[in-house]
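Structure record follows, encoded as C-alpha cells.
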Amino acid sequence: MNRWNNPGRAEELARTTMTVTAPQLTWLAVHGNLCLALRHPDNRGASRPWVLAFVKALGQHLVDAGVLTDAELRVAEKLEAEEGSPDL
C-alpha cells in the first residue's frame, strides 16, 4: 500500500493544518480560480467537499479582511451557483 492509499494517512492529513501567507490580491485570485475550477462538470470527485469548504472559508476571510464586501461575496456565490456550482 502506498502512503496515499493509507486511510490512516488520509485521516492525519485531514487533521493537520498548514499556514500559507500571501498578499490579499493573491488570495482573491486563488478564490476566483478555485470558483472557476469548481464549475467544471468533471470536478465532482471525492475532494470536492474539501475544496468547497476551503473556498467558502476563504471567501469569508476576504470579507473579514475588507478585500470584498459581504454583498460582493454573495453576488459572486450566486453567479457560481448559476454557472455550474450550485453547492457553493
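If you're wondering about the labels, chains in the C-alpha cells are A, B, ... by order shown, residues count from 1 in each chain, ligands from 1 in order shown.
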Inset, instruction - Identify, on the basis of only C-alpha atoms, every residue whose closest approach to Pro49 of chain A does not exceed 12 Å; exclude the query and any residue fewer than 4 positions from it along the same chain; express the result as a list of chain:residue names. - result: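 The filter keeps A:Leu38, A:Asn43, A:Arg44, A:Gly45, A:Ala53, A:Phe54, A:Val55, A:Lys56, A:Ser85, A:Asp87, A:Leu88.
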May I have the selected residues written with C-alpha atoms, as a CSV table (one decimal), in the first residue's frame?
```
chain,number,residue,atom,x,y,z
A,38,LEU,CA,-15.4,24.1,-9.3
A,43,ASN,CA,-14.9,18.4,-10.9
A,44,ARG,CA,-17.2,16.2,-8.8
A,45,GLY,CA,-14.7,13.9,-7.1
A,53,ALA,CA,-15.3,24.3,2.4
A,54,PHE,CA,-11.9,26.0,1.7
A,55,VAL,CA,-13.5,28.3,-0.9
A,56,LYS,CA,-16.3,29.3,1.5
A,85,SER,CA,-21.6,25.2,-8.8
A,87,ASP,CA,-23.3,23.7,-4.0
A,88,LEU,CA,-21.1,26.8,-3.5
```
Legend entry - Residue set, chain A restricted to alpha helix (DSSP H), as an NGL selection string: :A and (7-15 or 24-39 or 48-64 or 70-83)
Which residues, written as a compact mmCIF listing (two decimals) with C-alpha atoms, in the first residue's frame, have at least one atom at most 12 Å from Leu36 of chain A, with only C-alpha atoms counted and residues fewer than 6 positions away on the same chain left out?
```txt
# COMPACT_ATOMS: atom_id res chain seq x y z
CA ALA A 29 -7.12 35.41 -7.28
CA VAL A 30 -6.94 31.97 -5.63
CA ASN A 43 -14.87 18.38 -10.92
CA VAL A 51 -12.35 22.42 -1.75
CA LEU A 52 -15.87 23.82 -1.29
CA VAL A 55 -13.45 28.32 -0.88
CA ALA A 76 -20.08 36.00 -6.62
CA GLU A 77 -21.57 32.92 -4.93
CA LEU A 79 -23.01 33.68 -10.07
CA GLU A 80 -21.09 30.49 -9.33
CA ALA A 81 -24.34 28.69 -8.49
CA GLU A 83 -22.70 28.86 -13.76
CA GLY A 84 -22.35 25.29 -12.50
CA SER A 85 -21.57 25.23 -8.78
CA LEU A 88 -21.15 26.76 -3.47
```
Inset, instruction - Figure out the distance between atom CA of Ala57 of chain A and atom CA of Leu28 of chain A, please, to one decimal in Å. - result: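 Atom-to-atom, atom CA of Leu28 of chain A to atom CA of Ala57 of chain A, that is 12.2 Å.
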